[in-house]
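Asks: Structure file data.pdb (PDB, C-alpha atoms, pLDDT in the B column) is given on the next line.
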```
ATOM      1  CA  MET A   1       0.000   0.000   0.000  1.00 73.00           C
ATOM      2  CA  GLU A   2       1.196   3.523  -0.724  1.00 82.00           C
ATOM      3  CA  LYS A   3       2.665   5.223   2.342  1.00 84.00           C
ATOM      4  CA  ILE A   4       0.236   8.142   2.210  1.00 83.00           C
ATOM      5  CA  VAL A   5      -2.808   5.856   1.872  1.00 83.00           C
ATOM      6  CA  GLU A   6      -1.604   3.800   4.814  1.00 88.00           C
ATOM      7  CA  GLN A   7      -0.971   6.891   6.933  1.00 92.00           C
ATOM      8  CA  THR A   8      -4.420   8.252   6.106  1.00 93.00           C
ATOM      9  CA  LEU A   9      -6.117   4.979   7.032  1.00 93.00           C
ATOM     10  CA  LEU A  10      -4.216   4.673  10.292  1.00 96.00           C
ATOM     11  CA  TYR A  11      -5.067   8.257  11.120  1.00 96.00           C
ATOM     12  CA  ASP A  12      -8.736   7.686  10.251  1.00 93.00           C
ATOM     13  CA  PHE A  13      -8.894   4.842  12.743  1.00 94.00           C
ATOM     14  CA  TYR A  14      -6.635   5.934  15.559  1.00 96.00           C
ATOM     15  CA  GLY A  15      -6.100   9.664  15.079  1.00 97.00           C
ATOM     16  CA  GLU A  16      -8.409  10.494  17.980  1.00 97.00           C
ATOM     17  CA  LEU A  17      -5.936   8.816  20.315  1.00 97.00           C
ATOM     18  CA  LEU A  18      -3.242  11.376  19.483  1.00 98.00           C
ATOM     19  CA  THR A  19      -3.091  14.632  21.440  1.00 97.00           C
ATOM     20  CA  GLU A  20      -4.874  17.621  19.966  1.00 96.00           C
ATOM     21  CA  ARG A  21      -1.578  19.250  19.032  1.00 94.00           C
ATOM     22  CA  GLN A  22      -0.342  16.062  17.369  1.00 96.00           C
ATOM     23  CA  GLN A  23      -3.597  15.838  15.407  1.00 97.00           C
ATOM     24  CA  GLN A  24      -3.230  19.413  14.256  1.00 95.00           C
ATOM     25  CA  VAL A  25       0.343  18.912  13.030  1.00 96.00           C
ATOM     26  CA  TYR A  26      -0.386  15.521  11.477  1.00 96.00           C
ATOM     27  CA  GLU A  27      -3.367  16.837   9.560  1.00 96.00           C
ATOM     28  CA  SER A  28      -1.456  19.844   8.266  1.00 96.00           C
ATOM     29  CA  VAL A  29       1.589  17.904   7.073  1.00 95.00           C
ATOM     30  CA  VAL A  30       0.273  14.486   6.100  1.00 93.00           C
ATOM     31  CA  LEU A  31      -3.304  15.121   5.030  1.00 93.00           C
ATOM     32  CA  GLU A  32      -3.250  18.729   3.852  1.00 94.00           C
ATOM     33  CA  ASP A  33       0.272  18.602   2.480  1.00 92.00           C
ATOM     34  CA  TYR A  34       1.668  21.755   4.096  1.00 95.00           C
ATOM     35  CA  SER A  35       5.466  21.796   4.181  1.00 96.00           C
ATOM     36  CA  LEU A  36       7.361  21.125   7.398  1.00 96.00           C
ATOM     37  CA  SER A  37       8.697  24.686   7.262  1.00 96.00           C
ATOM     38  CA  GLU A  38       5.235  26.216   6.944  1.00 96.00           C
ATOM     39  CA  VAL A  39       3.907  24.268   9.916  1.00 96.00           C
ATOM     40  CA  ALA A  40       7.071  24.944  11.908  1.00 96.00           C
ATOM     41  CA  GLU A  41       6.702  28.654  11.351  1.00 96.00           C
ATOM     42  CA  GLU A  42       3.040  28.658  12.300  1.00 93.00           C
ATOM     43  CA  LEU A  43       3.707  26.796  15.536  1.00 90.00           C
ATOM     44  CA  GLY A  44       6.912  28.642  16.341  1.00 94.00           C
ATOM     45  CA  ILE A  45       8.993  25.474  16.556  1.00 93.00           C
ATOM     46  CA  SER A  46      11.866  24.155  14.440  1.00 96.00           C
ATOM     47  CA  ARG A  47      11.417  22.286  11.177  1.00 96.00           C
ATOM     48  CA  GLN A  48      13.176  19.357  12.836  1.00 97.00           C
ATOM     49  CA  GLY A  49      10.654  19.526  15.694  1.00 96.00           C
ATOM     50  CA  VAL A  50       7.757  19.123  13.272  1.00 96.00           C
ATOM     51  CA  HIS A  51       9.569  16.284  11.522  1.00 96.00           C
ATOM     52  CA  ASP A  52      10.066  14.492  14.847  1.00 97.00           C
ATOM     53  CA  MET A  53       6.418  14.957  15.812  1.00 96.00           C
ATOM     54  CA  ILE A  54       5.241  13.359  12.562  1.00 96.00           C
ATOM     55  CA  LYS A  55       7.647  10.491  13.051  1.00 96.00           C
ATOM     56  CA  ARG A  56       6.405   9.953  16.604  1.00 97.00           C
ATOM     57  CA  CYS A  57       2.764  10.113  15.464  1.00 97.00           C
ATOM     58  CA  ASN A  58       3.408   7.497  12.768  1.00 97.00           C
ATOM     59  CA  HIS A  59       5.055   5.305  15.338  1.00 97.00           C
ATOM     60  CA  THR A  60       2.130   5.671  17.760  1.00 98.00           C
ATOM     61  CA  LEU A  61      -0.462   4.975  15.052  1.00 97.00           C
ATOM     62  CA  GLU A  62       1.455   1.893  13.894  1.00 97.00           C
ATOM     63  CA  GLU A  63       1.679   0.692  17.461  1.00 97.00           C
ATOM     64  CA  TYR A  64      -2.117   0.869  17.831  1.00 97.00           C
ATOM     65  CA  GLU A  65      -2.562  -1.064  14.589  1.00 96.00           C
ATOM     66  CA  GLY A  66       0.017  -3.601  15.741  1.00 97.00           C
ATOM     67  CA  LYS A  67      -2.117  -4.239  18.802  1.00 96.00           C
ATOM     68  CA  LEU A  68      -5.644  -3.923  17.433  1.00 95.00           C
ATOM     69  CA  HIS A  69      -5.347  -4.813  13.696  1.00 93.00           C
ATOM     70  CA  LEU A  70      -8.539  -2.911  12.991  1.00 91.00           C
ATOM     71  CA  VAL A  71      -7.380  -1.331   9.740  1.00 92.00           C
ATOM     72  CA  GLU A  72      -6.413  -4.776   8.483  1.00 92.00           C
ATOM     73  CA  LYS A  73      -9.820  -6.161   9.507  1.00 91.00           C
ATOM     74  CA  PHE A  74     -11.752  -3.334   7.909  1.00 88.00           C
ATOM     75  CA  LEU A  75      -9.757  -3.516   4.660  1.00 91.00           C
ATOM     76  CA  SER A  76     -10.561  -7.194   4.425  1.00 93.00           C
ATOM     77  CA  ILE A  77     -14.266  -6.556   5.023  1.00 94.00           C
ATOM     78  CA  ARG A  78     -14.276  -3.756   2.474  1.00 94.00           C
ATOM     79  CA  GLU A  79     -12.852  -6.143  -0.113  1.00 95.00           C
ATOM     80  CA  GLN A  80     -15.502  -8.743   0.673  1.00 96.00           C
ATOM     81  CA  VAL A  81     -18.355  -6.244   0.497  1.00 96.00           C
ATOM     82  CA  ARG A  82     -17.078  -5.094  -2.898  1.00 96.00           C
ATOM     83  CA  ARG A  83     -17.229  -8.689  -4.090  1.00 96.00           C
ATOM     84  CA  ILE A  84     -20.785  -8.994  -2.771  1.00 96.00           C
ATOM     85  CA  LYS A  85     -21.686  -5.870  -4.696  1.00 95.00           C
ATOM     86  CA  GLN A  86     -20.254  -7.270  -7.939  1.00 94.00           C
ATOM     87  CA  ILE A  87     -22.118 -10.537  -7.527  1.00 95.00           C
ATOM     88  CA  ALA A  88     -25.351  -8.752  -6.559  1.00 95.00           C
ATOM     89  CA  ALA A  89     -25.239  -6.974  -9.911  1.00 94.00           C
ATOM     90  CA  THR A  90     -25.336 -10.296 -11.777  1.00 93.00           C
ATOM     91  CA  TYR A  91     -28.456 -11.243  -9.800  1.00 93.00           C
ATOM     92  CA  GLN A  92     -29.920  -7.748 -10.247  1.00 92.00           C
ATOM     93  CA  ALA A  93     -30.376  -7.815  -6.472  1.00 93.00           C
ATOM     94  CA  GLN A  94     -30.872  -4.089  -6.015  1.00 93.00           C
ATOM     95  CA  GLU A  95     -31.474  -4.238  -2.233  1.00 94.00           C
ATOM     96  CA  ILE A  96     -28.141  -5.980  -1.723  1.00 96.00           C
ATOM     97  CA  THR A  97     -26.362  -3.402  -3.865  1.00 95.00           C
ATOM     98  CA  GLU A  98     -27.895  -0.643  -1.761  1.00 95.00           C
ATOM     99  CA  ILE A  99     -26.903  -2.153   1.577  1.00 95.00           C
ATOM    100  CA  SER A 100     -23.402  -2.839   0.211  1.00 95.00           C
ATOM    101  CA  ASN A 101     -23.089   0.810  -0.722  1.00 95.00           C
ATOM    102  CA  GLU A 102     -24.220   1.833   2.756  1.00 94.00           C
ATOM    103  CA  ILE A 103     -21.550  -0.378   4.311  1.00 94.00           C
ATOM    104  CA  LEU A 104     -18.839   0.904   1.963  1.00 93.00           C
ATOM    105  CA  GLU A 105     -19.702   4.460   2.906  1.00 91.00           C
ATOM    106  CA  GLU A 106     -19.358   3.622   6.599  1.00 86.00           C
ATOM    107  CA  LEU A 107     -16.034   1.822   6.196  1.00 81.00           C
TER     108      LEU A 107
ATOM    109  CA  MET B   1     -27.383  -3.970  25.297  1.00 73.00           C
ATOM    110  CA  GLU B   2     -26.693  -6.234  28.235  1.00 83.00           C
ATOM    111  CA  LYS B   3     -23.789  -5.016  30.344  1.00 85.00           C
ATOM    112  CA  ILE B   4     -21.800  -8.236  29.962  1.00 84.00           C
ATOM    113  CA  VAL B   5     -22.233  -8.286  26.171  1.00 84.00           C
ATOM    114  CA  GLU B   6     -21.117  -4.696  25.992  1.00 88.00           C
ATOM    115  CA  GLN B   7     -18.105  -5.352  28.216  1.00 92.00           C
ATOM    116  CA  THR B   8     -17.110  -8.359  26.118  1.00 93.00           C
ATOM    117  CA  LEU B   9     -17.360  -6.394  22.894  1.00 93.00           C
ATOM    118  CA  LEU B  10     -15.363  -3.486  24.270  1.00 96.00           C
ATOM    119  CA  TYR B  11     -12.737  -5.896  25.544  1.00 96.00           C
ATOM    120  CA  ASP B  12     -12.611  -7.689  22.169  1.00 93.00           C
ATOM    121  CA  PHE B  13     -11.842  -4.440  20.440  1.00 94.00           C
ATOM    122  CA  TYR B  14      -9.657  -2.576  22.887  1.00 96.00           C
ATOM    123  CA  GLY B  15      -8.473  -5.170  25.415  1.00 97.00           C
ATOM    124  CA  GLU B  16      -4.974  -5.212  23.918  1.00 97.00           C
ATOM    125  CA  LEU B  17      -4.575  -1.612  25.014  1.00 97.00           C
ATOM    126  CA  LEU B  18      -4.878  -2.560  28.693  1.00 97.00           C
ATOM    127  CA  THR B  19      -1.776  -3.666  30.602  1.00 97.00           C
ATOM    128  CA  GLU B  20      -1.076  -7.385  30.804  1.00 96.00           C
ATOM    129  CA  ARG B  21      -2.099  -7.490  34.455  1.00 95.00           C
ATOM    130  CA  GLN B  22      -5.321  -5.620  33.728  1.00 96.00           C
ATOM    131  CA  GLN B  23      -6.097  -8.069  30.924  1.00 97.00           C
ATOM    132  CA  GLN B  24      -5.511 -11.005  33.241  1.00 95.00           C
ATOM    133  CA  VAL B  25      -7.849  -9.657  35.927  1.00 96.00           C
ATOM    134  CA  TYR B  26     -10.477  -8.510  33.460  1.00 96.00           C
ATOM    135  CA  GLU B  27     -10.587 -11.872  31.726  1.00 96.00           C
ATOM    136  CA  SER B  28     -10.860 -13.769  35.003  1.00 96.00           C
ATOM    137  CA  VAL B  29     -13.649 -11.659  36.466  1.00 95.00           C
ATOM    138  CA  VAL B  30     -15.654 -10.464  33.478  1.00 93.00           C
ATOM    139  CA  LEU B  31     -15.176 -13.160  30.862  1.00 93.00           C
ATOM    140  CA  GLU B  32     -14.523 -16.278  32.934  1.00 94.00           C
ATOM    141  CA  ASP B  33     -16.780 -15.301  35.791  1.00 92.00           C
ATOM    142  CA  TYR B  34     -14.392 -15.912  38.698  1.00 96.00           C
ATOM    143  CA  SER B  35     -15.436 -14.107  41.864  1.00 96.00           C
ATOM    144  CA  LEU B  36     -13.639 -10.979  43.033  1.00 96.00           C
ATOM    145  CA  SER B  37     -12.502 -12.889  46.142  1.00 96.00           C
ATOM    146  CA  GLU B  38     -11.012 -15.742  44.127  1.00 96.00           C
ATOM    147  CA  VAL B  39      -9.049 -13.386  41.904  1.00 96.00           C
ATOM    148  CA  ALA B  40      -8.027 -11.270  44.886  1.00 96.00           C
ATOM    149  CA  GLU B  41      -6.637 -14.314  46.646  1.00 96.00           C
ATOM    150  CA  GLU B  42      -4.745 -15.486  43.580  1.00 93.00           C
ATOM    151  CA  LEU B  43      -3.120 -12.094  43.064  1.00 90.00           C
ATOM    152  CA  GLY B  44      -2.562 -11.451  46.750  1.00 94.00           C
ATOM    153  CA  ILE B  45      -4.456  -8.161  46.715  1.00 93.00           C
ATOM    154  CA  SER B  46      -7.694  -7.067  48.400  1.00 96.00           C
ATOM    155  CA  ARG B  47     -11.150  -7.785  47.030  1.00 96.00           C
ATOM    156  CA  GLN B  48     -11.650  -4.021  46.832  1.00 97.00           C
ATOM    157  CA  GLY B  49      -8.428  -3.759  44.831  1.00 96.00           C
ATOM    158  CA  VAL B  50      -9.775  -6.170  42.217  1.00 96.00           C
ATOM    159  CA  HIS B  51     -13.075  -4.330  42.153  1.00 97.00           C
ATOM    160  CA  ASP B  52     -11.291  -1.035  41.536  1.00 97.00           C
ATOM    161  CA  MET B  53      -9.175  -2.537  38.755  1.00 96.00           C
ATOM    162  CA  ILE B  54     -12.270  -3.773  36.929  1.00 96.00           C
ATOM    163  CA  LYS B  55     -13.916  -0.407  37.322  1.00 96.00           C
ATOM    164  CA  ARG B  56     -10.822   1.338  35.959  1.00 97.00           C
ATOM    165  CA  CYS B  57     -10.621  -1.109  33.028  1.00 97.00           C
ATOM    166  CA  ASN B  58     -14.273  -0.485  32.144  1.00 97.00           C
ATOM    167  CA  HIS B  59     -13.644   3.234  32.269  1.00 97.00           C
ATOM    168  CA  THR B  60     -10.581   2.925  30.013  1.00 98.00           C
ATOM    169  CA  LEU B  61     -12.380   0.703  27.496  1.00 97.00           C
ATOM    170  CA  GLU B  62     -15.344   3.080  27.392  1.00 97.00           C
ATOM    171  CA  GLU B  63     -12.996   5.981  26.867  1.00 97.00           C
ATOM    172  CA  TYR B  64     -11.489   4.288  23.809  1.00 97.00           C
ATOM    173  CA  GLU B  65     -14.959   3.624  22.421  1.00 96.00           C
ATOM    174  CA  GLY B  66     -15.949   7.214  23.123  1.00 97.00           C
ATOM    175  CA  LYS B  67     -13.049   8.346  20.948  1.00 96.00           C
ATOM    176  CA  LEU B  68     -12.989   5.700  18.211  1.00 95.00           C
ATOM    177  CA  HIS B  69     -16.612   4.385  18.013  1.00 93.00           C
ATOM    178  CA  LEU B  70     -15.382   1.139  16.461  1.00 91.00           C
ATOM    179  CA  VAL B  71     -17.732  -1.141  18.375  1.00 92.00           C
ATOM    180  CA  GLU B  72     -20.653   1.017  17.256  1.00 92.00           C
ATOM    181  CA  LYS B  73     -19.423   0.845  13.654  1.00 91.00           C
ATOM    182  CA  PHE B  74     -18.903  -2.893  13.868  1.00 89.00           C
ATOM    183  CA  LEU B  75     -22.401  -3.537  15.271  1.00 91.00           C
ATOM    184  CA  SER B  76     -23.943  -1.512  12.496  1.00 93.00           C
ATOM    185  CA  ILE B  77     -22.007  -3.400   9.799  1.00 94.00           C
ATOM    186  CA  ARG B  78     -22.879  -6.749  11.361  1.00 94.00           C
ATOM    187  CA  GLU B  79     -26.562  -5.828  11.201  1.00 95.00           C
ATOM    188  CA  GLN B  80     -26.278  -4.829   7.542  1.00 96.00           C
ATOM    189  CA  VAL B  81     -24.413  -8.001   6.577  1.00 96.00           C
ATOM    190  CA  ARG B  82     -27.118 -10.056   8.269  1.00 96.00           C
ATOM    191  CA  ARG B  83     -29.717  -8.277   6.166  1.00 96.00           C
ATOM    192  CA  ILE B  84     -27.694  -8.990   3.020  1.00 96.00           C
ATOM    193  CA  LYS B  85     -27.583 -12.649   3.995  1.00 95.00           C
ATOM    194  CA  GLN B  86     -31.356 -12.791   4.430  1.00 94.00           C
ATOM    195  CA  ILE B  87     -31.980 -11.161   1.069  1.00 95.00           C
ATOM    196  CA  ALA B  88     -29.363 -13.366  -0.645  1.00 95.00           C
ATOM    197  CA  ALA B  89     -31.379 -16.389   0.444  1.00 94.00           C
ATOM    198  CA  THR B  90     -34.428 -15.163  -1.469  1.00 93.00           C
ATOM    199  CA  TYR B  91     -32.271 -14.842  -4.618  1.00 93.00           C
ATOM    200  CA  GLN B  92     -30.604 -18.200  -3.914  1.00 92.00           C
ATOM    201  CA  ALA B  93     -27.348 -16.291  -4.337  1.00 93.00           C
ATOM    202  CA  GLN B  94     -25.097 -18.850  -2.705  1.00 93.00           C
ATOM    203  CA  GLU B  95     -21.833 -16.944  -3.285  1.00 94.00           C
ATOM    204  CA  ILE B  96     -23.217 -13.925  -1.469  1.00 96.00           C
ATOM    205  CA  THR B  97     -24.340 -16.069   1.444  1.00 95.00           C
ATOM    206  CA  GLU B  98     -20.826 -17.535   1.692  1.00 94.00           C
ATOM    207  CA  ILE B  99     -19.063 -14.186   1.662  1.00 95.00           C
ATOM    208  CA  SER B 100     -21.561 -12.850   4.215  1.00 95.00           C
ATOM    209  CA  ASN B 101     -20.740 -15.763   6.486  1.00 95.00           C
ATOM    210  CA  GLU B 102     -17.022 -15.072   6.094  1.00 94.00           C
ATOM    211  CA  ILE B 103     -17.561 -11.459   7.095  1.00 94.00           C
ATOM    212  CA  LEU B 104     -19.733 -12.391  10.070  1.00 93.00           C
ATOM    213  CA  GLU B 105     -17.010 -14.737  11.303  1.00 91.00           C
ATOM    214  CA  GLU B 106     -14.438 -11.981  11.110  1.00 86.00           C
ATOM    215  CA  LEU B 107     -16.604  -9.419  12.866  1.00 81.00           C
TER     216      LEU B 107
END
```
Represent the supplied structure as structure tokens.
Replies:
Amino acid sequence: MEKIVEQTLLYDFYGELLTERQQQVYESVVLEDYSLSEVAEELGISRQGVHDMIKRCNHTLEEYEGKLHLVEKFLSIREQVRRIKQIAATYQAQEITEISNEILEEL
Amino acid sequence: MEKIVEQTLLYDFYGELLTERQQQVYESVVLEDYSLSEVAEELGISRQGVHDMIKRCNHTLEEYEGKLHLVEKFLSIREQVRRIKQIAATYQAQEITEISNEILEEL
């Protein structure tokens, strides 16, 4: 999986367990693609400080996944629901397609 | 939801985030139904001490759910997959039934 996709997924699942400041920095750099220098300037800390925070956040998020494996579980379910949706189309089972779409939106 | 079902679900999802000792006590009392006194004796602590540990564990698990809502999400998906399975039966869509069962086992 691409690094950025993986980081986004991990953050989606476990981001709320980071501190508010960590969330703010992580969102700016990883999700909104601000440069380390821009974020550093805004927060009044060094570029290296921002870099270290991101590294620590990634480590924390990976640690949660290492313990809980919820991203792994949800990716597997997403794949299975997509298969259901494909098969439902061949049966023209509209209700199943609709529920599948609901699940995929939640995941 | 019944308290014990809720506790079991929360522990399934977030139990790995408790300390090893907390896990041990929680499993004995909540999942395996040992009495507080039995567990207290085995660990060489007071009955009140065990009681407090369980209370703290419940609080911690509920805090994780309050932030991540993964049990809530999981229950909702389980309900939807069950509906898919019911509808699949009316279409005699065996492949969909099988995948639904796979998902329900994982959840």
Asks: Extract, using all atoms listed in the file, all DNA, RNA and protein residues at most 12 Å from Glu105 of chain B, discarding same-chain residues fewer than 3 positions from it, and format them as number ranges by chain.
Replies: A: 73, 77; B: 78, 81-82, 98-102
Asks: Excluding segment 62-68 of chain B and any residue of its chain fewer than 4 positions from it, enumerate the residues within 7 Å of it, using only C-alpha atoms, and give them as a PyMOL selection string.
Replies: (chain A and resi 13-14+16) or (chain B and resi 58)
Asks: As a PDB file with C-alpha atoms, in the frame of the given file, please: chain A after a least-squares superposition onto chain B using all C-alpha atoms matched in order.
Replies:
```pdb
ATOM      1  CA  MET A   1     -27.396  -3.957  25.280  1.00 73.00           C
ATOM      2  CA  GLU A   2     -26.722  -6.229  28.239  1.00 82.00           C
ATOM      3  CA  LYS A   3     -23.815  -5.023  30.370  1.00 84.00           C
ATOM      4  CA  ILE A   4     -21.845  -8.247  29.972  1.00 83.00           C
ATOM      5  CA  VAL A   5     -22.279  -8.281  26.175  1.00 83.00           C
ATOM      6  CA  GLU A   6     -21.139  -4.675  26.002  1.00 88.00           C
ATOM      7  CA  GLN A   7     -18.127  -5.343  28.221  1.00 92.00           C
ATOM      8  CA  THR A   8     -17.155  -8.353  26.117  1.00 93.00           C
ATOM      9  CA  LEU A   9     -17.395  -6.377  22.878  1.00 93.00           C
ATOM     10  CA  LEU A  10     -15.386  -3.477  24.254  1.00 96.00           C
ATOM     11  CA  TYR A  11     -12.778  -5.892  25.526  1.00 96.00           C
ATOM     12  CA  ASP A  12     -12.672  -7.695  22.167  1.00 93.00           C
ATOM     13  CA  PHE A  13     -11.866  -4.431  20.429  1.00 94.00           C
ATOM     14  CA  TYR A  14      -9.686  -2.573  22.883  1.00 96.00           C
ATOM     15  CA  GLY A  15      -8.515  -5.162  25.404  1.00 97.00           C
ATOM     16  CA  GLU A  16      -5.021  -5.215  23.912  1.00 97.00           C
ATOM     17  CA  LEU A  17      -4.591  -1.611  25.012  1.00 97.00           C
ATOM     18  CA  LEU A  18      -4.901  -2.576  28.683  1.00 98.00           C
ATOM     19  CA  THR A  19      -1.803  -3.673  30.594  1.00 97.00           C
ATOM     20  CA  GLU A  20      -1.113  -7.384  30.786  1.00 96.00           C
ATOM     21  CA  ARG A  21      -2.120  -7.482  34.442  1.00 94.00           C
ATOM     22  CA  GLN A  22      -5.355  -5.620  33.719  1.00 96.00           C
ATOM     23  CA  GLN A  23      -6.123  -8.072  30.909  1.00 97.00           C
ATOM     24  CA  GLN A  24      -5.533 -11.003  33.212  1.00 95.00           C
ATOM     25  CA  VAL A  25      -7.855  -9.661  35.919  1.00 96.00           C
ATOM     26  CA  TYR A  26     -10.507  -8.519  33.448  1.00 96.00           C
ATOM     27  CA  GLU A  27     -10.604 -11.880  31.720  1.00 96.00           C
ATOM     28  CA  SER A  28     -10.858 -13.775  34.993  1.00 96.00           C
ATOM     29  CA  VAL A  29     -13.663 -11.669  36.462  1.00 95.00           C
ATOM     30  CA  VAL A  30     -15.668 -10.463  33.481  1.00 93.00           C
ATOM     31  CA  LEU A  31     -15.197 -13.166  30.870  1.00 93.00           C
ATOM     32  CA  GLU A  32     -14.521 -16.281  32.931  1.00 94.00           C
ATOM     33  CA  ASP A  33     -16.776 -15.302  35.805  1.00 92.00           C
ATOM     34  CA  TYR A  34     -14.382 -15.933  38.698  1.00 95.00           C
ATOM     35  CA  SER A  35     -15.426 -14.137  41.879  1.00 96.00           C
ATOM     36  CA  LEU A  36     -13.621 -11.012  43.047  1.00 96.00           C
ATOM     37  CA  SER A  37     -12.481 -12.920  46.136  1.00 96.00           C
ATOM     38  CA  GLU A  38     -11.002 -15.772  44.109  1.00 96.00           C
ATOM     39  CA  VAL A  39      -9.031 -13.408  41.891  1.00 96.00           C
ATOM     40  CA  ALA A  40      -8.001 -11.295  44.875  1.00 96.00           C
ATOM     41  CA  GLU A  41      -6.633 -14.336  46.634  1.00 96.00           C
ATOM     42  CA  GLU A  42      -4.746 -15.529  43.580  1.00 93.00           C
ATOM     43  CA  LEU A  43      -3.111 -12.146  43.065  1.00 90.00           C
ATOM     44  CA  GLY A  44      -2.540 -11.476  46.747  1.00 94.00           C
ATOM     45  CA  ILE A  45      -4.453  -8.197  46.717  1.00 93.00           C
ATOM     46  CA  SER A  46      -7.688  -7.109  48.398  1.00 96.00           C
ATOM     47  CA  ARG A  47     -11.142  -7.830  47.023  1.00 96.00           C
ATOM     48  CA  GLN A  48     -11.643  -4.069  46.842  1.00 97.00           C
ATOM     49  CA  GLY A  49      -8.428  -3.789  44.806  1.00 96.00           C
ATOM     50  CA  VAL A  50      -9.770  -6.203  42.200  1.00 96.00           C
ATOM     51  CA  HIS A  51     -13.088  -4.361  42.150  1.00 96.00           C
ATOM     52  CA  ASP A  52     -11.295  -1.057  41.532  1.00 97.00           C
ATOM     53  CA  MET A  53      -9.185  -2.553  38.745  1.00 96.00           C
ATOM     54  CA  ILE A  54     -12.286  -3.794  36.916  1.00 96.00           C
ATOM     55  CA  LYS A  55     -13.928  -0.418  37.319  1.00 96.00           C
ATOM     56  CA  ARG A  56     -10.844   1.332  35.948  1.00 97.00           C
ATOM     57  CA  CYS A  57     -10.633  -1.111  33.021  1.00 97.00           C
ATOM     58  CA  ASN A  58     -14.287  -0.492  32.135  1.00 97.00           C
ATOM     59  CA  HIS A  59     -13.653   3.210  32.259  1.00 97.00           C
ATOM     60  CA  THR A  60     -10.590   2.925  30.003  1.00 98.00           C
ATOM     61  CA  LEU A  61     -12.397   0.698  27.491  1.00 97.00           C
ATOM     62  CA  GLU A  62     -15.366   3.084  27.387  1.00 97.00           C
ATOM     63  CA  GLU A  63     -13.016   5.986  26.867  1.00 97.00           C
ATOM     64  CA  TYR A  64     -11.491   4.291  23.804  1.00 97.00           C
ATOM     65  CA  GLU A  65     -14.959   3.628  22.397  1.00 96.00           C
ATOM     66  CA  GLY A  66     -15.946   7.222  23.121  1.00 97.00           C
ATOM     67  CA  LYS A  67     -13.052   8.353  20.958  1.00 96.00           C
ATOM     68  CA  LEU A  68     -12.994   5.729  18.215  1.00 95.00           C
ATOM     69  CA  HIS A  69     -16.612   4.420  18.010  1.00 93.00           C
ATOM     70  CA  LEU A  70     -15.364   1.224  16.418  1.00 91.00           C
ATOM     71  CA  VAL A  71     -17.688  -1.118  18.295  1.00 92.00           C
ATOM     72  CA  GLU A  72     -20.624   1.019  17.201  1.00 92.00           C
ATOM     73  CA  LYS A  73     -19.395   0.945  13.588  1.00 91.00           C
ATOM     74  CA  PHE A  74     -18.839  -2.792  13.568  1.00 88.00           C
ATOM     75  CA  LEU A  75     -22.228  -3.525  15.162  1.00 91.00           C
ATOM     76  CA  SER A  76     -23.891  -1.493  12.454  1.00 93.00           C
ATOM     77  CA  ILE A  77     -21.990  -3.337   9.720  1.00 94.00           C
ATOM     78  CA  ARG A  78     -22.813  -6.681  11.294  1.00 94.00           C
ATOM     79  CA  GLU A  79     -26.503  -5.794  11.182  1.00 95.00           C
ATOM     80  CA  GLN A  80     -26.263  -4.806   7.526  1.00 96.00           C
ATOM     81  CA  VAL A  81     -24.398  -7.964   6.543  1.00 96.00           C
ATOM     82  CA  ARG A  82     -27.077 -10.033   8.281  1.00 96.00           C
ATOM     83  CA  ARG A  83     -29.694  -8.280   6.173  1.00 96.00           C
ATOM     84  CA  ILE A  84     -27.674  -9.006   3.031  1.00 96.00           C
ATOM     85  CA  LYS A  85     -27.560 -12.646   4.037  1.00 95.00           C
ATOM     86  CA  GLN A  86     -31.342 -12.799   4.487  1.00 94.00           C
ATOM     87  CA  ILE A  87     -31.958 -11.189   1.119  1.00 95.00           C
ATOM     88  CA  ALA A  88     -29.357 -13.400  -0.590  1.00 95.00           C
ATOM     89  CA  ALA A  89     -31.360 -16.425   0.527  1.00 94.00           C
ATOM     90  CA  THR A  90     -34.429 -15.207  -1.377  1.00 93.00           C
ATOM     91  CA  TYR A  91     -32.288 -14.922  -4.520  1.00 93.00           C
ATOM     92  CA  GLN A  92     -30.602 -18.267  -3.792  1.00 92.00           C
ATOM     93  CA  ALA A  93     -27.349 -16.351  -4.250  1.00 93.00           C
ATOM     94  CA  GLN A  94     -25.090 -18.903  -2.600  1.00 93.00           C
ATOM     95  CA  GLU A  95     -21.826 -16.995  -3.225  1.00 94.00           C
ATOM     96  CA  ILE A  96     -23.204 -13.951  -1.426  1.00 96.00           C
ATOM     97  CA  THR A  97     -24.325 -16.080   1.509  1.00 95.00           C
ATOM     98  CA  GLU A  98     -20.832 -17.541   1.742  1.00 95.00           C
ATOM     99  CA  ILE A  99     -19.046 -14.192   1.692  1.00 95.00           C
ATOM    100  CA  SER A 100     -21.549 -12.834   4.238  1.00 95.00           C
ATOM    101  CA  ASN A 101     -20.727 -15.721   6.534  1.00 95.00           C
ATOM    102  CA  GLU A 102     -17.014 -15.037   6.123  1.00 94.00           C
ATOM    103  CA  ILE A 103     -17.541 -11.404   7.099  1.00 94.00           C
ATOM    104  CA  LEU A 104     -19.714 -12.315  10.091  1.00 93.00           C
ATOM    105  CA  GLU A 105     -17.019 -14.653  11.337  1.00 91.00           C
ATOM    106  CA  GLU A 106     -14.431 -11.876  11.117  1.00 86.00           C
ATOM    107  CA  LEU A 107     -16.595  -9.300  12.887  1.00 81.00           C
TER     108      LEU A 107
END
```
Asks: Rounded to one decimal place, report the atom CA of Gln23 of chain B-atom CA of Ile54 of chain B distance in Å.
Replies: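 So the answer is 9.6 Å.
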Asks: For Leu10 of chain B, which residue among B:Ile84, B:Val71, B:Met53, B:Ile96 is the nearest when counting all atoms listed in the file?
Replies: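 Nearest to Leu10 of chain B: B:Val71.
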Asks: Enter the distance from atom CA of Leu104 of chain B to atom CA of Val5 of chain A, in Å, rounded to one decimal.
Replies: 26.2 Å
Asks: Tell me which of B:Gln22, B:Gln86, B:Gln80, B:Ser35 sits closest to chain A, counting all atoms listed in the file.
Replies: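 The answer is B:Gln80, which sits nearest to chain A.
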Asks: Between atom CA of Lys85 of chain B and atom CA of Thr97 of chain B, what is the spacing in Å?
Replies: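 Distance reported for this atom pair: 5.4 Å.
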